[in-house]
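Asks: Following this message is one structure expressed as structure tokens.
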Amino acid sequence: MRTREIAVDALPPEKLLPDGQPTYVDSWIYVFGVATLAALITIVGSGMILALKGPAWWHYTGVGHFFNSIHLWAVELFFFTMVVHLWGKYWMSAWRGGRARVWMTGAVAFLIAVPAALTGYVSQQNFDAQWISTQAKDAMNAVGAGAFFNVTNFGQMYSWHILLFPIAVVAIVTAHVLLVRKHGVVPPLQAAELRGERA
Amino acid sequence: MTRYSATTREWKGAYAHYDLVKELCVALVTVTLLAVVLTILFSSPDDKPSTIAQWSRTLPADFAKTAASELDGTSGTAEYGAPYNNGTGSVQHAAFLKPQEWLGVSHPIDTANAYVIEPLQTIPGDPTLTRAIVSYQSAPGKQQKAWAEAYAKSVEGAKASGASLRVPAGRYGPLATMMPALLALAQSGGLDGSLLSDSQFFQTDYTKPLLFMADGGLLEERAEQQHLLGEQWGMMNETGSYPGQSWLWLYTFWYQIEPFKSSTNADLLVVLVMTVLSIAFVLIPFIPGIRSIPRWIPVHRLIWREHYRAVEQSR
């Protein structure tokens with residue numbers, strides 16, 4: 001199996017799921033990466049429950065509103081932890097040692113998560129959705145995106161929100177995590193690097 | 001340019017036992033519990049949507065004025081331009097970039113027909129109304145516009161008492177019959193359904209009713225009460241005291257300052273600025289200066305303080 005050999009060569013099991021981490025992985029900042037992943041899982045889980053019952057369910061049942069609230073707060077936690085994670089990685093210069101793609105996939109994950117959240121806000125079927133969609137349309141139309149991405153079309157936005165954007169976010173986050181496992185967690189800046197010399 | 005050693009590429013130093021699966025499970029339970037606690041404490045906002053029926057009952061004069069502007073082609077939607085029509089009122093460009101124009105009219109809306117004529121034609125059994133519509137449609141465009149403008153002017157002096165509206169007499173021809181009928185249709189809830197149902201039973205596209213309501217004053221009035229207007233940092237907020245889309249702060253920020261604040265091309269300019277910044281954000285590892293700041297400002301010494309302390313002690 002050529003595909004399996006390539007996959008195992010690129011990411012052997014001991015790298016994919018190691019039983020040890022370098023000793024410098026000892027800071028609260030590392031919590032925010034895994035917390036972002038955990039928040040994403042909570043978003044997808046609560047979103048699946050909301051999808052099972054349909055888009056109107058949460059407006060007229062207490063249980064539905066409860067799961068909608070969990071979905072909302074998981075999104076807020078997702079962005080908060082992701083932003084702290086990104087800032088942490090910036091101050092670590094986490095792209096060093098051939099890790100540029102790790103940074104880039106993380107940054108793209110953030111950029112894709114923004115419209116993923118926006119489509120959720122305009123799919124709420126309440127006043128927030130009415131106001132946000134009628135305001136957001138001008139920016140979409142100004143760049144021509146309104147021709148194929150109509151924020152006032154609930155059906156289209158709901159489809160993007162529960163299928164297309166989640167696939168995109170999960171795919172880029174998966175790529176990001178696999179790249180982290182492949183390259184390992186970036187080591188601390190060394191004295192020579194700080195002087196801008198070859199370390 | 002800084003070159004990196006084999007140690008930077010792959011750590012050759014000490015390792016400690018670590019269970020990644022356990023870490024993820026603990027994080028998942030913690031984050032989910034945190035979301036549950038926030039849910040119990042703060043729930044989530046769900047202000048009921050506005051309807052055209054509600055709008056026409058609470059602000060009948062505003063409704064009538066908006067309907068007249070749809071008819072004479074002076075409303076925000078009527079003059080908007082692509083993707084709704086061939087107007088120019090909201091068409092933006094930046095230098096040679098005219099994406100809105102390039103993509104053209106993809107969701108055509110003829111406001112006079114969509115918001116006034118066609119809904120009125122759905123009202124059965126009213127020969128007076130039918131004659132008024134035929135009279136309006138058979139009149140020259142100049143006459144139609146004169147009637148609509150005269151009606152809009154009369155509405156300025158209209159007296160509303162609750163949901164009812166008394167418009168002073170004027171030279172607005174068949175609109176004297178059509179506009180009260182449209183107000184009655186709207187107040188009965190018929191216009192909400194009429195704008196949505198169009199040609200097929202199942203519908204999920206709210207473009208027409210949303211644009212019609214956005215041309216009027218009700219949405220804006222509610223938005224102002226809920227601190228959602230553009231000058232109040234707009235759509236990154238949501239109703240109530242919830243954090244909203246706080247991650248859009250930089251995007252919304254540009255609208256608060258010049259030259260964007262007063263530009264008629266603000267949306268396009270802001271999106272262009274954010275596109276450039278987003279590309280730069282992704283490419284930070286390759287941008288001289290920006291990528292070096294973490295070496296100049298030693299936040300990393302705080303992050304890896306245990307590691308650096310151990311290194312210093314071992315010397």
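Starting from 1 in every chain, residues are counted up; chains themselves are A, B, ... following the order of the structure tokens, and ligands are numbered from 1 as listed.
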As a PyMOL selection string, which residues of stretch 13-145 of chain A does DSSP assign to helix (DSSP H, G or I)?
Replies: chain A and resi 13-16+28-53+57-60+62-91+100-121+127-142+145
Asks: Take the residues just selected and output them with C-alpha atoms as a JSON list (two decimals), in the first residue's frame.
Replies:
[["chain", "number", "residue", "atom", "x", "y", "z"],
["A", 13, "PRO", "CA", 2.72, 6.76, 14.95],
["A", 14, "GLU", "CA", 5.26, 7.87, 17.57],
["A", 15, "LYS", "CA", 5.00, 11.42, 16.18],
["A", 16, "LEU", "CA", 1.26, 11.33, 15.56],
["A", 28, "TRP", "CA", -0.19, 27.97, 30.51],
["A", 29, "ILE", "CA", -0.04, 29.27, 26.95],
["A", 30, "TYR", "CA", -0.08, 25.68, 25.63],
["A", 31, "VAL", "CA", -3.53, 25.19, 27.17],
["A", 32, "PHE", "CA", -5.11, 27.56, 24.63],
["A", 33, "GLY", "CA", -4.31, 25.42, 21.59],
["A", 34, "VAL", "CA", -6.01, 22.32, 22.96],
["A", 35, "ALA", "CA", -8.81, 24.49, 24.44],
["A", 36, "THR", "CA", -9.50, 25.83, 20.92],
["A", 37, "LEU", "CA", -9.77, 22.25, 19.66],
["A", 38, "ALA", "CA", -12.07, 21.36, 22.56],
["A", 39, "ALA", "CA", -14.29, 24.40, 21.86],
["A", 40, "LEU", "CA", -14.50, 23.38, 18.19],
["A", 41, "ILE", "CA", -15.68, 19.90, 19.22],
["A", 42, "THR", "CA", -18.31, 21.47, 21.52],
["A", 43, "ILE", "CA", -19.44, 23.77, 18.69],
["A", 44, "VAL", "CA", -19.81, 20.85, 16.28],
["A", 45, "GLY", "CA", -21.57, 18.70, 18.92],
["A", 46, "SER", "CA", -24.09, 21.37, 19.94],
["A", 47, "GLY", "CA", -24.51, 22.35, 16.28],
["A", 48, "MET", "CA", -25.37, 18.76, 15.36],
["A", 49, "ILE", "CA", -28.09, 18.67, 18.02],
["A", 50, "LEU", "CA", -29.51, 21.96, 16.72],
["A", 51, "ALA", "CA", -29.33, 20.63, 13.14],
["A", 52, "LEU", "CA", -31.14, 17.42, 14.13],
["A", 53, "LYS", "CA", -34.13, 19.39, 15.37],
["A", 57, "TRP", "CA", -36.52, 24.51, 17.28],
["A", 58, "TRP", "CA", -34.49, 26.71, 19.61],
["A", 59, "HIS", "CA", -36.98, 29.59, 19.37],
["A", 60, "TYR", "CA", -39.90, 27.75, 20.96],
["A", 62, "GLY", "CA", -36.37, 25.65, 26.49],
["A", 63, "VAL", "CA", -34.15, 22.67, 25.61],
["A", 64, "GLY", "CA", -33.54, 24.11, 22.16],
["A", 65, "HIS", "CA", -32.62, 27.51, 23.60],
["A", 66, "PHE", "CA", -30.27, 25.76, 26.06],
["A", 67, "PHE", "CA", -28.37, 24.05, 23.24],
["A", 68, "ASN", "CA", -28.34, 27.26, 21.19],
["A", 69, "SER", "CA", -26.78, 29.03, 24.17],
["A", 70, "ILE", "CA", -24.14, 26.32, 24.52],
["A", 71, "HIS", "CA", -23.43, 26.68, 20.79],
["A", 72, "LEU", "CA", -23.08, 30.47, 21.15],
["A", 73, "TRP", "CA", -20.82, 30.36, 24.20],
["A", 74, "ALA", "CA", -18.68, 27.59, 22.68],
["A", 75, "VAL", "CA", -18.16, 29.91, 19.67],
["A", 76, "GLU", "CA", -17.18, 32.78, 21.98],
["A", 77, "LEU", "CA", -14.74, 30.47, 23.82],
["A", 78, "PHE", "CA", -13.42, 29.14, 20.50],
["A", 79, "PHE", "CA", -12.51, 32.61, 19.25],
["A", 80, "PHE", "CA", -11.15, 33.74, 22.63],
["A", 81, "THR", "CA", -8.89, 30.70, 23.02],
["A", 82, "MET", "CA", -7.86, 30.81, 19.37],
["A", 83, "VAL", "CA", -6.85, 34.48, 19.54],
["A", 84, "VAL", "CA", -4.81, 33.90, 22.74],
["A", 85, "HIS", "CA", -3.26, 30.81, 21.08],
["A", 86, "LEU", "CA", -2.33, 32.83, 17.98],
["A", 87, "TRP", "CA", -0.81, 35.66, 20.03],
["A", 88, "GLY", "CA", 1.13, 33.12, 22.07],
["A", 89, "LYS", "CA", 2.48, 31.48, 18.93],
["A", 90, "TYR", "CA", 3.41, 34.86, 17.49],
["A", 91, "TRP", "CA", 5.53, 35.75, 20.54],
["A", 100, "ALA", "CA", 5.78, 28.23, 8.43],
["A", 101, "ARG", "CA", 2.95, 25.99, 7.21],
["A", 102, "VAL", "CA", 1.90, 25.36, 10.81],
["A", 103, "TRP", "CA", 1.48, 29.12, 11.34],
["A", 104, "MET", "CA", -0.21, 29.61, 7.97],
["A", 105, "THR", "CA", -2.80, 26.86, 8.47],
["A", 106, "GLY", "CA", -3.57, 28.27, 11.94],
["A", 107, "ALA", "CA", -4.03, 31.78, 10.52],
["A", 108, "VAL", "CA", -6.24, 30.46, 7.69],
["A", 109, "ALA", "CA", -8.33, 28.54, 10.26],
["A", 110, "PHE", "CA", -9.04, 31.85, 12.00],
["A", 111, "LEU", "CA", -9.91, 33.59, 8.73],
["A", 112, "ILE", "CA", -12.32, 30.80, 7.69],
["A", 113, "ALA", "CA", -13.89, 30.69, 11.16],
["A", 114, "VAL", "CA", -14.96, 34.35, 10.83],
["A", 115, "PRO", "CA", -17.43, 33.84, 7.92],
["A", 116, "ALA", "CA", -18.42, 30.49, 9.47],
["A", 117, "ALA", "CA", -19.60, 32.45, 12.52],
["A", 118, "LEU", "CA", -21.16, 35.23, 10.41],
["A", 119, "THR", "CA", -23.35, 32.72, 8.55],
["A", 120, "GLY", "CA", -24.50, 31.47, 11.95],
["A", 121, "TYR", "CA", -25.43, 34.97, 13.09],
["A", 127, "PHE", "CA", -33.88, 40.42, 14.93],
["A", 128, "ASP", "CA", -30.10, 39.98, 15.15],
["A", 129, "ALA", "CA", -30.21, 37.99, 11.90],
["A", 130, "GLN", "CA", -32.35, 40.65, 10.20],
["A", 131, "TRP", "CA", -30.08, 43.51, 11.22],
["A", 132, "ILE", "CA", -26.74, 41.80, 10.67],
["A", 133, "SER", "CA", -27.74, 40.46, 7.26],
["A", 134, "THR", "CA", -29.08, 43.80, 5.99],
["A", 135, "GLN", "CA", -25.86, 45.50, 7.16],
["A", 136, "ALA", "CA", -23.44, 42.81, 5.97],
["A", 137, "LYS", "CA", -24.99, 42.71, 2.49],
["A", 138, "ASP", "CA", -23.39, 46.04, 1.56],
["A", 139, "ALA", "CA", -19.84, 44.77, 2.12],
["A", 140, "MET", "CA", -20.62, 41.53, 0.25],
["A", 141, "ASN", "CA", -22.22, 43.42, -2.64],
["A", 142, "ALA", "CA", -19.41, 45.99, -2.80],
["A", 145, "ALA", "CA", -19.59, 38.46, -3.50]]
Asks: Would you list which chain B residues are within 7 Å of chain A using only C-alpha atoms, as a VMD selection string?
Replies: chain B and resid 2 to 5 8 to 11 14 to 19 24 27 to 28 31 to 32 35 to 36 38 to 39 43 to 44 46 to 50 83 91 to 92 99 to 100 103 106 204 to 207 210 214 219 235 238 to 239 267 to 268 281 to 283 285 294 to 295 299 to 300 303 to 304 307
Asks: Based on the selection just made, write C-alpha atoms of those residues as a PDB file, in the first residue's frame.
Replies:
ATOM      1  CA  THR B   2      17.943  34.004  10.744  1.00  0.00           C
ATOM      2  CA  ARG B   3      18.834  30.397   9.915  1.00  0.00           C
ATOM      3  CA  TYR B   4      17.690  27.659  12.216  1.00  0.00           C
ATOM      4  CA  SER B   5      19.657  24.769  13.656  1.00  0.00           C
ATOM      5  CA  THR B   8      15.095  24.223  16.270  1.00  0.00           C
ATOM      6  CA  ARG B   9      13.791  21.892  13.595  1.00  0.00           C
ATOM      7  CA  GLU B  10      13.578  18.912  15.961  1.00  0.00           C
ATOM      8  CA  TRP B  11      14.160  19.064  19.716  1.00  0.00           C
ATOM      9  CA  ALA B  14      14.911  16.175  27.342  1.00  0.00           C
ATOM     10  CA  TYR B  15      11.338  14.885  27.078  1.00  0.00           C
ATOM     11  CA  ALA B  16       8.710  14.433  29.799  1.00  0.00           C
ATOM     12  CA  HIS B  17       5.819  11.951  29.867  1.00  0.00           C
ATOM     13  CA  TYR B  18       2.719  13.443  28.260  1.00  0.00           C
ATOM     14  CA  ASP B  19      -0.711  11.991  27.412  1.00  0.00           C
ATOM     15  CA  LEU B  24      -7.785  16.716  24.985  1.00  0.00           C
ATOM     16  CA  ALA B  27      -9.907  20.226  27.868  1.00  0.00           C
ATOM     17  CA  LEU B  28     -13.151  19.053  26.248  1.00  0.00           C
ATOM     18  CA  VAL B  31     -14.607  23.873  27.929  1.00  0.00           C
ATOM     19  CA  THR B  32     -18.017  22.193  27.692  1.00  0.00           C
ATOM     20  CA  ALA B  35     -20.043  26.766  28.082  1.00  0.00           C
ATOM     21  CA  VAL B  36     -22.799  25.196  30.231  1.00  0.00           C
ATOM     22  CA  LEU B  38     -22.105  30.588  30.780  1.00  0.00           C
ATOM     23  CA  THR B  39     -25.376  29.255  29.339  1.00  0.00           C
ATOM     24  CA  SER B  43     -28.435  32.227  28.158  1.00  0.00           C
ATOM     25  CA  SER B  44     -28.426  33.714  24.604  1.00  0.00           C
ATOM     26  CA  ASP B  46     -33.357  35.939  20.852  1.00  0.00           C
ATOM     27  CA  ASP B  47     -35.243  39.166  20.116  1.00  0.00           C
ATOM     28  CA  LYS B  48     -38.227  38.424  17.915  1.00  0.00           C
ATOM     29  CA  PRO B  49     -37.821  39.415  14.263  1.00  0.00           C
ATOM     30  CA  SER B  50     -39.705  42.409  12.923  1.00  0.00           C
ATOM     31  CA  PRO B  83     -26.867  42.828  -7.564  1.00  0.00           C
ATOM     32  CA  VAL B  91     -22.383  50.830  -6.400  1.00  0.00           C
ATOM     33  CA  GLN B  92     -18.834  51.096  -5.081  1.00  0.00           C
ATOM     34  CA  PRO B  99     -16.275  44.123  -8.725  1.00  0.00           C
ATOM     35  CA  GLN B 100     -19.882  45.033  -7.923  1.00  0.00           C
ATOM     36  CA  LEU B 103     -20.663  40.721 -11.253  1.00  0.00           C
ATOM     37  CA  SER B 106     -27.895  38.533 -10.060  1.00  0.00           C
ATOM     38  CA  THR B 204     -36.054  30.298   2.216  1.00  0.00           C
ATOM     39  CA  ASP B 205     -34.959  33.520   0.509  1.00  0.00           C
ATOM     40  CA  TYR B 206     -35.882  36.603   2.592  1.00  0.00           C
ATOM     41  CA  THR B 207     -34.086  39.096   0.348  1.00  0.00           C
ATOM     42  CA  LEU B 210     -35.621  42.250   4.309  1.00  0.00           C
ATOM     43  CA  ALA B 214     -34.391  47.987   5.599  1.00  0.00           C
ATOM     44  CA  LEU B 219     -35.189  48.044  11.771  1.00  0.00           C
ATOM     45  CA  MET B 235     -22.920  44.447  13.319  1.00  0.00           C
ATOM     46  CA  GLU B 238     -25.687  41.800  19.048  1.00  0.00           C
ATOM     47  CA  THR B 239     -28.833  42.601  20.992  1.00  0.00           C
ATOM     48  CA  ASP B 267     -17.349  48.921   2.246  1.00  0.00           C
ATOM     49  CA  LEU B 268     -15.080  48.100  -0.682  1.00  0.00           C
ATOM     50  CA  PHE B 281      -1.327  37.839   8.790  1.00  0.00           C
ATOM     51  CA  VAL B 282      -1.004  34.475   7.022  1.00  0.00           C
ATOM     52  CA  LEU B 283       2.431  35.405   5.640  1.00  0.00           C
ATOM     53  CA  PRO B 285       6.755  34.168   8.835  1.00  0.00           C
ATOM     54  CA  PRO B 294       9.126  38.553  19.005  1.00  0.00           C
ATOM     55  CA  ARG B 295      12.945  38.434  19.096  1.00  0.00           C
ATOM     56  CA  VAL B 299       7.658  37.925  25.773  1.00  0.00           C
ATOM     57  CA  HIS B 300       9.082  34.462  25.071  1.00  0.00           C
ATOM     58  CA  ILE B 303       6.338  31.944  28.232  1.00  0.00           C
ATOM     59  CA  TRP B 304       9.408  29.695  28.628  1.00  0.00           C
ATOM     60  CA  HIS B 307      13.146  26.486  30.531  1.00  0.00           C
TER      61      HIS B 307
END
Asks: What is the atom CA of B:Asp192-atom CA of B:Gly125 distance in Å, reported with one decimal?
Replies: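 Separating atom CA of B:Asp192 from atom CA of B:Gly125 is a distance of 20.2 Å.
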Asks: Name all residues at most 10 Å from stretch 155-158 of chain B (count only C-alpha atoms; drop same-chain ones fewer than 4 positions away) and give them as a list in words.
Replies: Pro60, Ala61, Asp62, Phe63, Ala64, Lys65, Thr66, Ala68, Glu149, Ala150, Tyr151, Leu165, Arg166, Val167, Pro168, Ala169 and Gly170 of chain B
Asks: Restricting the calculation to only C-alpha atoms, which member of A:Val169, A:Ile162, A:Val122, A:Val180 is positioned closest to B:Gln245?
Replies: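 Of A:Val169, A:Ile162, A:Val122, A:Val180, the one nearest B:Gln245, counting only C-alpha atoms, is A:Val122.
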Asks: Tell me, which residues of stretch 50-292 of chain B carry DSSP strand (DSSP E), written as a PyMOL selection string?
Replies: chain B and resi 159-161+164-166
Asks: So what do you get for atom CA of B:Met178 versus atom CA of B:Val116, distance-wise?
Replies: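 Computed distance, atom CA of B:Met178 to atom CA of B:Val116, equals 8.4 Å.
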Asks: Between atom CA of B:Ala78 and atom CA of B:Met213, what distance in Å does the model show, to one decimal?
Replies: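 About the pair atom CA of B:Ala78 and atom CA of B:Met213: they are 12.9 Å apart.
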